[in-house]
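Notes follow once the structure below has been shown.
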Amino acid sequence: MTTRKAALITGGSRGIGAAIAERLAAHGWDLTISARGLDALNERAEALRVHGGRVEVEVADMTDDAALADLTAAHTAAYGRCDALVINAGMGVMGAVEDFPVRRLDRLYQVNLRAPFLLLQGMLPTLRATAGTDGAAKVIAISSITGVYPEPNLTAYGSTKAALISMCETFNLEESVRGVSATAICPGYVDTDMSEWTKGEGAIPAEEMITGADVATVAHAVTQLGRYAVLPQAVLSRPGTNLHRA
Ligand SMILES: NC(=O)c1ccc[n+]([C@@H]2O[C@H](COP(=O)([O-])OP(=O)(O)OC[C@H]3O[C@@H](n4cnc5c(N)ncnc54)[C@H](OP(=O)(O)O)[C@@H]3O)[C@@H](O)[C@H]2O)c1
């Protein structure tokens, strides 16, 4: 009997996280999905269970340390393993440095960087145990192309995403020898709720954006990499002359 793989996916109720959950569930994975809104999580979980796997739902706000600790403990208690930790939940705020409220900067760092760090720390024993002596466990962090190439009015957001990339790369130096490695996926605009403000005429049509399914394809590919293949960063750009723009 082959062992079923298990993933913990934050922000799994919609957008990119939901697309990754769908892809992994379709490939026979068991899942824990988390977000703040319980109804959306339950609805998503029901749809995912159609694939025949187990889906656990955990409400956790990324700004709540205790909820993060409960989330990692609940995943480990449920499955006893973590083949992929998908750090996806995040928030975006635009604004020039000139008048960007520092409270918003603090919240961005809390959700986009501090929570990922705590998740990484909380899941590390389980990730190490899953990798064992000859296997692999993957951390997949959804960063952004703005973490790689600068974009106007995204100093605060972009810097959290750049720090997330750095976190993955440095983590690999510490942990990849134990079979646990991290990949920061850095997409340009993806057609989700978060990019709603930039869609439409004169802006970017939704149908010309990267899809959640595209990001899921990269995430799933990362889970297929073995212990001796480390992919620190994967930039996913939109086509055209502005490849380095979101
Ligand atoms: N869309 C883009 O253009 C784009 C491009 C590059 C990178 N990204 C990154 O990709 C990730 C996913 O974005 P998305 O576009 O899929 O966003 P989305 O459609 O807005 O979905 C965000 C998900 O995260 C959850 N979430 C939001 N804030 C949370 C919080 N404080 N605590 C816990 N869960 C929270 C949401 O559920 P609840 O609201 O119920 O909590 C939802 O499940 C983010 O890290 C984002 O920065 C997005």
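The way I read the labels, and the way they are meant: chains A, B, ... in the order of the structure tokens, residue 1 as the first residue of every chain, and ligand 1 as the first ligand shown, with later ones counted on from there.
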
- Message: Using only C-alpha atoms and all ligand atoms, which residues have at least one atom no more than 7 Å from ligand 1? Output them as a PyMOL selection string.
- Response: chain A and resi 10-17+34-37+40+60-63+88-92+111-112+142-145+186-195

Kindly export the residues of the current selection with N, CA and C atoms, as a JSON list (two decimals), in the first residue's frame.
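As written to disk, out.json reads:
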[["chain", "number", "residue", "atom", "x", "y", "z"],
["A", 10, "THR", "N", -2.37, 27.21, 3.59],
["A", 10, "THR", "CA", -3.02, 28.39, 4.18],
["A", 10, "THR", "C", -3.67, 29.20, 3.06],
["A", 11, "GLY", "N", -4.76, 29.88, 3.40],
["A", 11, "GLY", "CA", -5.49, 30.63, 2.37],
["A", 11, "GLY", "C", -6.07, 29.67, 1.33],
["A", 12, "GLY", "N", -6.54, 28.53, 1.80],
["A", 12, "GLY", "CA", -6.99, 27.48, 0.88],
["A", 12, "GLY", "C", -8.45, 27.60, 0.47],
["A", 13, "SER", "N", -9.12, 28.65, 0.90],
["A", 13, "SER", "CA", -10.56, 28.73, 0.63],
["A", 13, "SER", "C", -10.89, 29.33, -0.73],
["A", 14, "ARG", "N", -9.97, 30.10, -1.30],
["A", 14, "ARG", "CA", -10.23, 30.68, -2.63],
["A", 14, "ARG", "C", -8.91, 31.06, -3.28],
["A", 15, "GLY", "N", -9.02, 31.58, -4.54],
["A", 15, "GLY", "CA", -7.83, 32.07, -5.24],
["A", 15, "GLY", "C", -6.77, 31.00, -5.46],
["A", 16, "ILE", "N", -5.52, 31.42, -5.32],
["A", 16, "ILE", "CA", -4.38, 30.54, -5.62],
["A", 16, "ILE", "C", -4.37, 29.32, -4.68],
["A", 17, "GLY", "N", -4.65, 29.55, -3.40],
["A", 17, "GLY", "CA", -4.64, 28.44, -2.44],
["A", 17, "GLY", "C", -5.66, 27.38, -2.78],
["A", 34, "SER", "N", -6.76, 26.10, 5.48],
["A", 34, "SER", "CA", -7.10, 27.09, 6.51],
["A", 34, "SER", "C", -7.32, 28.47, 5.89],
["A", 35, "ALA", "N", -8.06, 29.28, 6.62],
["A", 35, "ALA", "CA", -8.33, 30.68, 6.26],
["A", 35, "ALA", "C", -9.07, 31.26, 7.46],
["A", 36, "ARG", "N", -9.59, 32.48, 7.34],
["A", 36, "ARG", "CA", -10.37, 33.05, 8.45],
["A", 36, "ARG", "C", -11.83, 32.65, 8.37],
["A", 37, "GLY", "N", -12.36, 32.58, 7.16],
["A", 37, "GLY", "CA", -13.80, 32.36, 6.99],
["A", 37, "GLY", "C", -14.17, 30.88, 6.95],
["A", 40, "ALA", "N", -16.64, 29.50, 3.83],
["A", 40, "ALA", "CA", -15.95, 29.29, 2.55],
["A", 40, "ALA", "C", -15.03, 28.07, 2.63],
["A", 60, "ALA", "N", -7.89, 29.92, 10.95],
["A", 60, "ALA", "CA", -6.71, 30.54, 11.56],
["A", 60, "ALA", "C", -6.45, 31.88, 10.90],
["A", 61, "ASP", "N", -6.41, 32.92, 11.72],
["A", 61, "ASP", "CA", -6.03, 34.23, 11.22],
["A", 61, "ASP", "C", -4.50, 34.33, 11.31],
["A", 62, "MET", "N", -3.88, 34.73, 10.22],
["A", 62, "MET", "CA", -2.42, 34.77, 10.17],
["A", 62, "MET", "C", -1.82, 35.81, 11.14],
["A", 63, "THR", "N", -2.67, 36.64, 11.74],
["A", 63, "THR", "CA", -2.14, 37.61, 12.70],
["A", 63, "THR", "C", -2.22, 37.07, 14.13],
["A", 88, "ASN", "N", 0.54, 30.24, 1.67],
["A", 88, "ASN", "CA", -0.09, 31.00, 0.58],
["A", 88, "ASN", "C", -0.86, 32.22, 1.07],
["A", 89, "ALA", "N", -1.52, 32.13, 2.22],
["A", 89, "ALA", "CA", -2.36, 33.25, 2.68],
["A", 89, "ALA", "C", -1.51, 34.52, 2.74],
["A", 90, "GLY", "N", -2.07, 35.58, 2.20],
["A", 90, "GLY", "CA", -1.31, 36.83, 2.21],
["A", 90, "GLY", "C", -2.26, 37.98, 1.95],
["A", 91, "MET", "N", -1.76, 39.19, 2.14],
["A", 91, "MET", "CA", -2.58, 40.36, 1.85],
["A", 91, "MET", "C", -1.77, 41.34, 1.00],
["A", 92, "GLY", "N", -2.50, 42.16, 0.24],
["A", 92, "GLY", "CA", -1.84, 43.15, -0.60],
["A", 92, "GLY", "C", -2.39, 44.53, -0.31],
["A", 111, "VAL", "N", 1.16, 39.36, 8.38],
["A", 111, "VAL", "CA", 0.48, 38.34, 7.57],
["A", 111, "VAL", "C", 1.43, 37.72, 6.54],
["A", 112, "ASN", "N", 2.24, 38.55, 5.89],
["A", 112, "ASN", "CA", 3.04, 38.06, 4.75],
["A", 112, "ASN", "C", 4.41, 37.53, 5.14],
["A", 142, "ILE", "N", 4.05, 31.29, -1.49],
["A", 142, "ILE", "CA", 3.61, 32.11, -2.61],
["A", 142, "ILE", "C", 4.07, 33.55, -2.33],
["A", 143, "SER", "N", 5.16, 33.89, -3.01],
["A", 143, "SER", "CA", 5.71, 35.25, -2.93],
["A", 143, "SER", "C", 5.04, 36.06, -4.04],
["A", 144, "SER", "N", 5.81, 36.85, -4.77],
["A", 144, "SER", "CA", 5.25, 37.66, -5.85],
["A", 144, "SER", "C", 6.40, 38.15, -6.73],
["A", 145, "ILE", "N", 6.08, 38.44, -7.97],
["A", 145, "ILE", "CA", 7.10, 38.98, -8.87],
["A", 145, "ILE", "C", 7.60, 40.35, -8.33],
["A", 186, "CYS", "N", 6.93, 33.08, -7.49],
["A", 186, "CYS", "CA", 6.82, 34.54, -7.60],
["A", 186, "CYS", "C", 6.03, 34.92, -8.85],
["A", 187, "PRO", "N", 4.71, 34.91, -8.78],
["A", 187, "PRO", "CA", 3.92, 35.21, -9.98],
["A", 187, "PRO", "C", 3.66, 36.70, -10.17],
["A", 188, "GLY", "N", 3.43, 37.06, -11.44],
["A", 188, "GLY", "CA", 2.85, 38.37, -11.75],
["A", 188, "GLY", "C", 1.37, 38.29, -11.44],
["A", 189, "TYR", "N", 0.58, 39.22, -11.99],
["A", 189, "TYR", "CA", -0.85, 39.25, -11.65],
["A", 189, "TYR", "C", -1.55, 37.92, -11.95],
["A", 190, "VAL", "N", -2.24, 37.43, -10.94],
["A", 190, "VAL", "CA", -3.02, 36.20, -11.05],
["A", 190, "VAL", "C", -4.50, 36.59, -10.94],
["A", 191, "ASP", "N", -5.32, 35.98, -11.76],
["A", 191, "ASP", "CA", -6.75, 36.30, -11.78],
["A", 191, "ASP", "C", -7.44, 35.74, -10.53],
["A", 192, "THR", "N", -7.46, 36.55, -9.46],
["A", 192, "THR", "CA", -8.14, 36.17, -8.21],
["A", 192, "THR", "C", -8.83, 37.42, -7.65],
["A", 193, "ASP", "N", -9.43, 37.29, -6.49],
["A", 193, "ASP", "CA", -10.04, 38.44, -5.82],
["A", 193, "ASP", "C", -9.00, 39.53, -5.55],
["A", 194, "MET", "N", -7.79, 39.11, -5.20],
["A", 194, "MET", "CA", -6.77, 40.09, -4.80],
["A", 194, "MET", "C", -6.39, 41.06, -5.92],
["A", 195, "SER", "N", -6.47, 40.60, -7.16],
["A", 195, "SER", "CA", -6.06, 41.44, -8.28],
["A", 195, "SER", "C", -7.26, 42.16, -8.91]]

- Message: List as a list in words the protein and nucleic acid residues near region 69-72 of chain A, meaning an atom at most 7 Å away when only C-alpha atoms are counted, but skip any in the same chain fewer than 3 places from it.
- Response: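 The residues that qualify are Glu58, Ala60, Asp65, Ala66, His75, Thr76, Leu119, Gly122 and Met123 of chain A.
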
Go ahead and save the picked residues with N, CA and C atoms, as an mmCIF file, in the first residue's frame.
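File produced: again05.cif:
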data_model
loop_
_atom_site.group_PDB
_atom_site.id
_atom_site.type_symbol
_atom_site.label_atom_id
_atom_site.label_comp_id
_atom_site.auth_asym_id
_atom_site.auth_seq_id
_atom_site.Cartn_x
_atom_site.Cartn_y
_atom_site.Cartn_z
ATOM 1 N N GLU A 58 -9.346 24.180 9.134
ATOM 2 C CA GLU A 58 -8.911 24.872 10.354
ATOM 3 C C GLU A 58 -9.012 26.379 10.156
ATOM 4 N N ALA A 60 -7.892 29.916 10.945
ATOM 5 C CA ALA A 60 -6.710 30.539 11.558
ATOM 6 C C ALA A 60 -6.446 31.881 10.901
ATOM 7 N N ASP A 65 -0.960 34.399 16.734
ATOM 8 C CA ASP A 65 0.086 33.402 17.005
ATOM 9 C C ASP A 65 -0.475 32.097 17.552
ATOM 10 N N ALA A 66 -1.455 32.218 18.459
ATOM 11 C CA ALA A 66 -2.020 31.009 19.072
ATOM 12 C C ALA A 66 -2.745 30.176 18.014
ATOM 13 N N HIS A 75 -2.751 19.922 12.129
ATOM 14 C CA HIS A 75 -2.369 19.186 10.915
ATOM 15 C C HIS A 75 -1.553 17.949 11.280
ATOM 16 N N THR A 76 -0.592 18.140 12.175
ATOM 17 C CA THR A 76 0.274 17.013 12.554
ATOM 18 C C THR A 76 -0.524 15.928 13.271
ATOM 19 N N LEU A 119 4.847 29.508 10.792
ATOM 20 C CA LEU A 119 4.370 28.256 10.187
ATOM 21 C C LEU A 119 5.542 27.322 9.887
ATOM 22 N N GLY A 122 6.791 26.041 13.171
ATOM 23 C CA GLY A 122 5.841 25.103 13.783
ATOM 24 C C GLY A 122 5.787 23.765 13.068
ATOM 25 N N MET A 123 5.951 23.775 11.741
ATOM 26 C CA MET A 123 5.849 22.533 10.980
ATOM 27 C C MET A 123 7.187 21.823 10.818
#

- Message: Please compute the CA of Leu113 (chain A)-CA of Ile87 (chain A) distance, one decimal, in Å.
- Response: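 So the two atoms, CA of Leu113 (chain A) and CA of Ile87 (chain A), lie 9.9 Å apart.
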
- Message: Which residue is closest to Tyr109 (chain A)? Choose from A:Leu127, A:Ala156, A:Ala216, A:Ala73 and count only C-alpha atoms.
- Response: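 The shortest atom-to-atom distance to Tyr109 (chain A) comes from A:Ala156.
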
- Task: Between CA of Ala131 (chain A) and CA of Arg54 (chain A), measure the distance and give it in Å to one decimal.
- Result: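 Atom-to-atom, CA of Ala131 (chain A) to CA of Arg54 (chain A), that is 21.0 Å.
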
- Message: Please extract the residues of region 42-147 of chain A with a backbone DSSP assignment of strand (DSSP E) and present them as a VMD selection string.
- Response: chain A and resid 55 to 59 84 to 87 137 to 142

Would you output that residue set with N, CA and C atoms, as a PDB file, in the first residue's frame?
ATOM      1  N   VAL A  55     -10.031  15.798   3.938  1.00  0.00           N
ATOM      2  CA  VAL A  55      -9.785  17.246   3.980  1.00  0.00           C
ATOM      3  C   VAL A  55     -10.181  17.773   5.351  1.00  0.00           C
ATOM      4  N   GLU A  56      -9.217  18.292   6.085  1.00  0.00           N
ATOM      5  CA  GLU A  56      -9.484  18.917   7.379  1.00  0.00           C
ATOM      6  C   GLU A  56      -9.555  20.428   7.189  1.00  0.00           C
ATOM      7  N   VAL A  57     -10.404  21.072   7.962  1.00  0.00           N
ATOM      8  CA  VAL A  57     -10.596  22.515   7.863  1.00  0.00           C
ATOM      9  C   VAL A  57     -10.174  23.153   9.181  1.00  0.00           C
ATOM     10  N   GLU A  58      -9.346  24.180   9.134  1.00  0.00           N
ATOM     11  CA  GLU A  58      -8.911  24.872  10.354  1.00  0.00           C
ATOM     12  C   GLU A  58      -9.012  26.379  10.156  1.00  0.00           C
ATOM     13  N   VAL A  59      -9.790  27.031  11.002  1.00  0.00           N
ATOM     14  CA  VAL A  59      -9.854  28.494  10.948  1.00  0.00           C
ATOM     15  C   VAL A  59      -8.619  29.051  11.645  1.00  0.00           C
ATOM     16  N   ALA A  84       3.995  18.594   2.063  1.00  0.00           N
ATOM     17  CA  ALA A  84       4.078  19.957   1.520  1.00  0.00           C
ATOM     18  C   ALA A  84       3.384  20.939   2.456  1.00  0.00           C
ATOM     19  N   LEU A  85       4.130  21.953   2.827  1.00  0.00           N
ATOM     20  CA  LEU A  85       3.561  23.087   3.564  1.00  0.00           C
ATOM     21  C   LEU A  85       3.423  24.216   2.559  1.00  0.00           C
ATOM     22  N   VAL A  86       2.193  24.590   2.251  1.00  0.00           N
ATOM     23  CA  VAL A  86       1.965  25.639   1.252  1.00  0.00           C
ATOM     24  C   VAL A  86       1.593  26.931   1.980  1.00  0.00           C
ATOM     25  N   ILE A  87       2.551  27.835   2.034  1.00  0.00           N
ATOM     26  CA  ILE A  87       2.359  29.114   2.728  1.00  0.00           C
ATOM     27  C   ILE A  87       1.848  30.107   1.692  1.00  0.00           C
ATOM     28  N   ALA A 137      10.481  16.582   1.836  1.00  0.00           N
ATOM     29  CA  ALA A 137       9.290  17.369   2.185  1.00  0.00           C
ATOM     30  C   ALA A 137       9.521  18.777   1.648  1.00  0.00           C
ATOM     31  N   LYS A 138       8.471  19.374   1.106  1.00  0.00           N
ATOM     32  CA  LYS A 138       8.629  20.660   0.426  1.00  0.00           C
ATOM     33  C   LYS A 138       7.842  21.769   1.111  1.00  0.00           C
ATOM     34  N   VAL A 139       8.448  22.926   1.152  1.00  0.00           N
ATOM     35  CA  VAL A 139       7.759  24.141   1.579  1.00  0.00           C
ATOM     36  C   VAL A 139       7.560  24.968   0.319  1.00  0.00           C
ATOM     37  N   ILE A 140       6.329  25.386   0.083  1.00  0.00           N
ATOM     38  CA  ILE A 140       6.036  26.207  -1.104  1.00  0.00           C
ATOM     39  C   ILE A 140       5.439  27.504  -0.594  1.00  0.00           C
ATOM     40  N   ALA A 141       6.159  28.602  -0.805  1.00  0.00           N
ATOM     41  CA  ALA A 141       5.682  29.905  -0.328  1.00  0.00           C
ATOM     42  C   ALA A 141       5.254  30.730  -1.534  1.00  0.00           C
ATOM     43  N   ILE A 142       4.054  31.285  -1.486  1.00  0.00           N
ATOM     44  CA  ILE A 142       3.607  32.113  -2.608  1.00  0.00           C
ATOM     45  C   ILE A 142       4.071  33.545  -2.333  1.00  0.00           C
TER      46      ILE A 142
END

- What lies within 12 Å of Pro239 (chain A) using only C-alpha atoms, ignoring chain neighbours under 2 positions off, as number ranges by chain? A: 187-189, 204, 208-210, 236-237, 241-246

For N, CA and C atoms, I'd like the residues from the last selection saved as a PDB file, in the first residue's frame.
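What follows is the written file part-v3.pdb:
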ATOM      1  N   PRO A 187       4.707  34.906  -8.784  1.00  0.00           N
ATOM      2  CA  PRO A 187       3.919  35.210  -9.979  1.00  0.00           C
ATOM      3  C   PRO A 187       3.661  36.702 -10.166  1.00  0.00           C
ATOM      4  N   GLY A 188       3.430  37.061 -11.439  1.00  0.00           N
ATOM      5  CA  GLY A 188       2.855  38.367 -11.751  1.00  0.00           C
ATOM      6  C   GLY A 188       1.367  38.293 -11.437  1.00  0.00           C
ATOM      7  N   TYR A 189       0.580  39.220 -11.995  1.00  0.00           N
ATOM      8  CA  TYR A 189      -0.847  39.247 -11.649  1.00  0.00           C
ATOM      9  C   TYR A 189      -1.546  37.924 -11.946  1.00  0.00           C
ATOM     10  N   ILE A 204      -5.495  45.529 -16.890  1.00  0.00           N
ATOM     11  CA  ILE A 204      -5.161  44.198 -17.404  1.00  0.00           C
ATOM     12  C   ILE A 204      -6.427  43.353 -17.427  1.00  0.00           C
ATOM     13  N   GLU A 208      -6.136  37.835 -19.438  1.00  0.00           N
ATOM     14  CA  GLU A 208      -4.711  37.896 -19.789  1.00  0.00           C
ATOM     15  C   GLU A 208      -3.807  37.724 -18.568  1.00  0.00           C
ATOM     16  N   MET A 209      -4.433  37.437 -17.439  1.00  0.00           N
ATOM     17  CA  MET A 209      -3.637  37.204 -16.233  1.00  0.00           C
ATOM     18  C   MET A 209      -3.253  35.727 -16.117  1.00  0.00           C
ATOM     19  N   ILE A 210      -2.255  35.481 -15.289  1.00  0.00           N
ATOM     20  CA  ILE A 210      -1.905  34.109 -14.921  1.00  0.00           C
ATOM     21  C   ILE A 210      -3.117  33.542 -14.170  1.00  0.00           C
ATOM     22  N   LEU A 236       7.093  33.484 -12.244  1.00  0.00           N
ATOM     23  CA  LEU A 236       6.064  33.190 -13.235  1.00  0.00           C
ATOM     24  C   LEU A 236       5.550  34.529 -13.752  1.00  0.00           C
ATOM     25  N   SER A 237       5.979  34.862 -14.979  1.00  0.00           N
ATOM     26  CA  SER A 237       5.658  36.180 -15.521  1.00  0.00           C
ATOM     27  C   SER A 237       4.507  36.098 -16.515  1.00  0.00           C
ATOM     28  N   THR A 241       6.199  42.614 -23.378  1.00  0.00           N
ATOM     29  CA  THR A 241       7.463  43.342 -23.290  1.00  0.00           C
ATOM     30  C   THR A 241       7.806  43.743 -21.863  1.00  0.00           C
ATOM     31  N   ASN A 242       6.854  43.550 -20.971  1.00  0.00           N
ATOM     32  CA  ASN A 242       7.049  43.967 -19.581  1.00  0.00           C
ATOM     33  C   ASN A 242       7.222  42.770 -18.662  1.00  0.00           C
ATOM     34  N   LEU A 243       8.110  41.852 -19.077  1.00  0.00           N
ATOM     35  CA  LEU A 243       8.217  40.585 -18.354  1.00  0.00           C
ATOM     36  C   LEU A 243       8.548  40.751 -16.888  1.00  0.00           C
ATOM     37  N   HIS A 244       9.173  41.861 -16.562  1.00  0.00           N
ATOM     38  CA  HIS A 244       9.597  42.054 -15.184  1.00  0.00           C
ATOM     39  C   HIS A 244       8.605  42.877 -14.374  1.00  0.00           C
ATOM     40  N   ARG A 245       7.413  43.023 -14.913  1.00  0.00           N
ATOM     41  CA  ARG A 245       6.360  43.748 -14.209  1.00  0.00           C
ATOM     42  C   ARG A 245       5.253  42.795 -13.780  1.00  0.00           C
ATOM     43  N   ALA A 246       4.595  43.139 -12.684  1.00  0.00           N
ATOM     44  CA  ALA A 246       3.496  42.291 -12.214  1.00  0.00           C
ATOM     45  C   ALA A 246       2.385  42.259 -13.260  1.00  0.00           C
TER      46      ALA A 246
END

- Selected residue of minimal separation from Tyr157 (chain A) among A:Val97, A:Ala182, A:Val177, A:Val230, counting only C-alpha atoms: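 With only C-alpha atoms as the atom set, the closest residue is A:Val97.
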
Neighbour list for Ile165 (chain A) as a compact mmCIF listing (two decimals) with C-alpha atoms, in the first residue's frame, cut-off 7 Å, only C-alpha atoms, skip fewer than 4 positions in-chain:
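Output below, filename result_24.txt:
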# COMPACT_ATOMS: atom_id res chain seq x y z
CA SER A 143 5.71 35.25 -2.93
CA LYS A 161 7.51 39.32 -0.60
CA GLU A 169 16.56 30.65 0.31
CA ALA A 184 9.23 30.75 -3.37

- Return as a ChimeraX atom specification the full set of residues in region 17-172 of chain A whose backbone-based DSSP assignment is alpha helix (DSSP H). /A:17-26,38-49,65-79,102-109,115-131,155-172

- Task: Kindly indicate which residue among A:Ala206, A:Leu154, A:Ala234, A:Ala45 lies nearest to Phe100 (chain A), using only C-alpha atoms for the distances.
- Result: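 Ranked by minimum distance to Phe100 (chain A), first place goes to A:Leu154.
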
- Message: Using only C-alpha atoms, which protein or nucleic acid residues come within 12 Å of Thr223 (chain A)? Drop anything in the same chain fewer than 2 positions from it, and give the result as JSON, numbers by chain.
- Response: {"A": [5, 6, 7, 20, 23, 24, 27, 29, 82, 83, 84, 85, 86, 135, 136, 137, 138, 139, 140, 180, 181, 182, 183, 216, 217, 218, 219, 220, 221, 225, 226, 227, 229, 230, 231]}
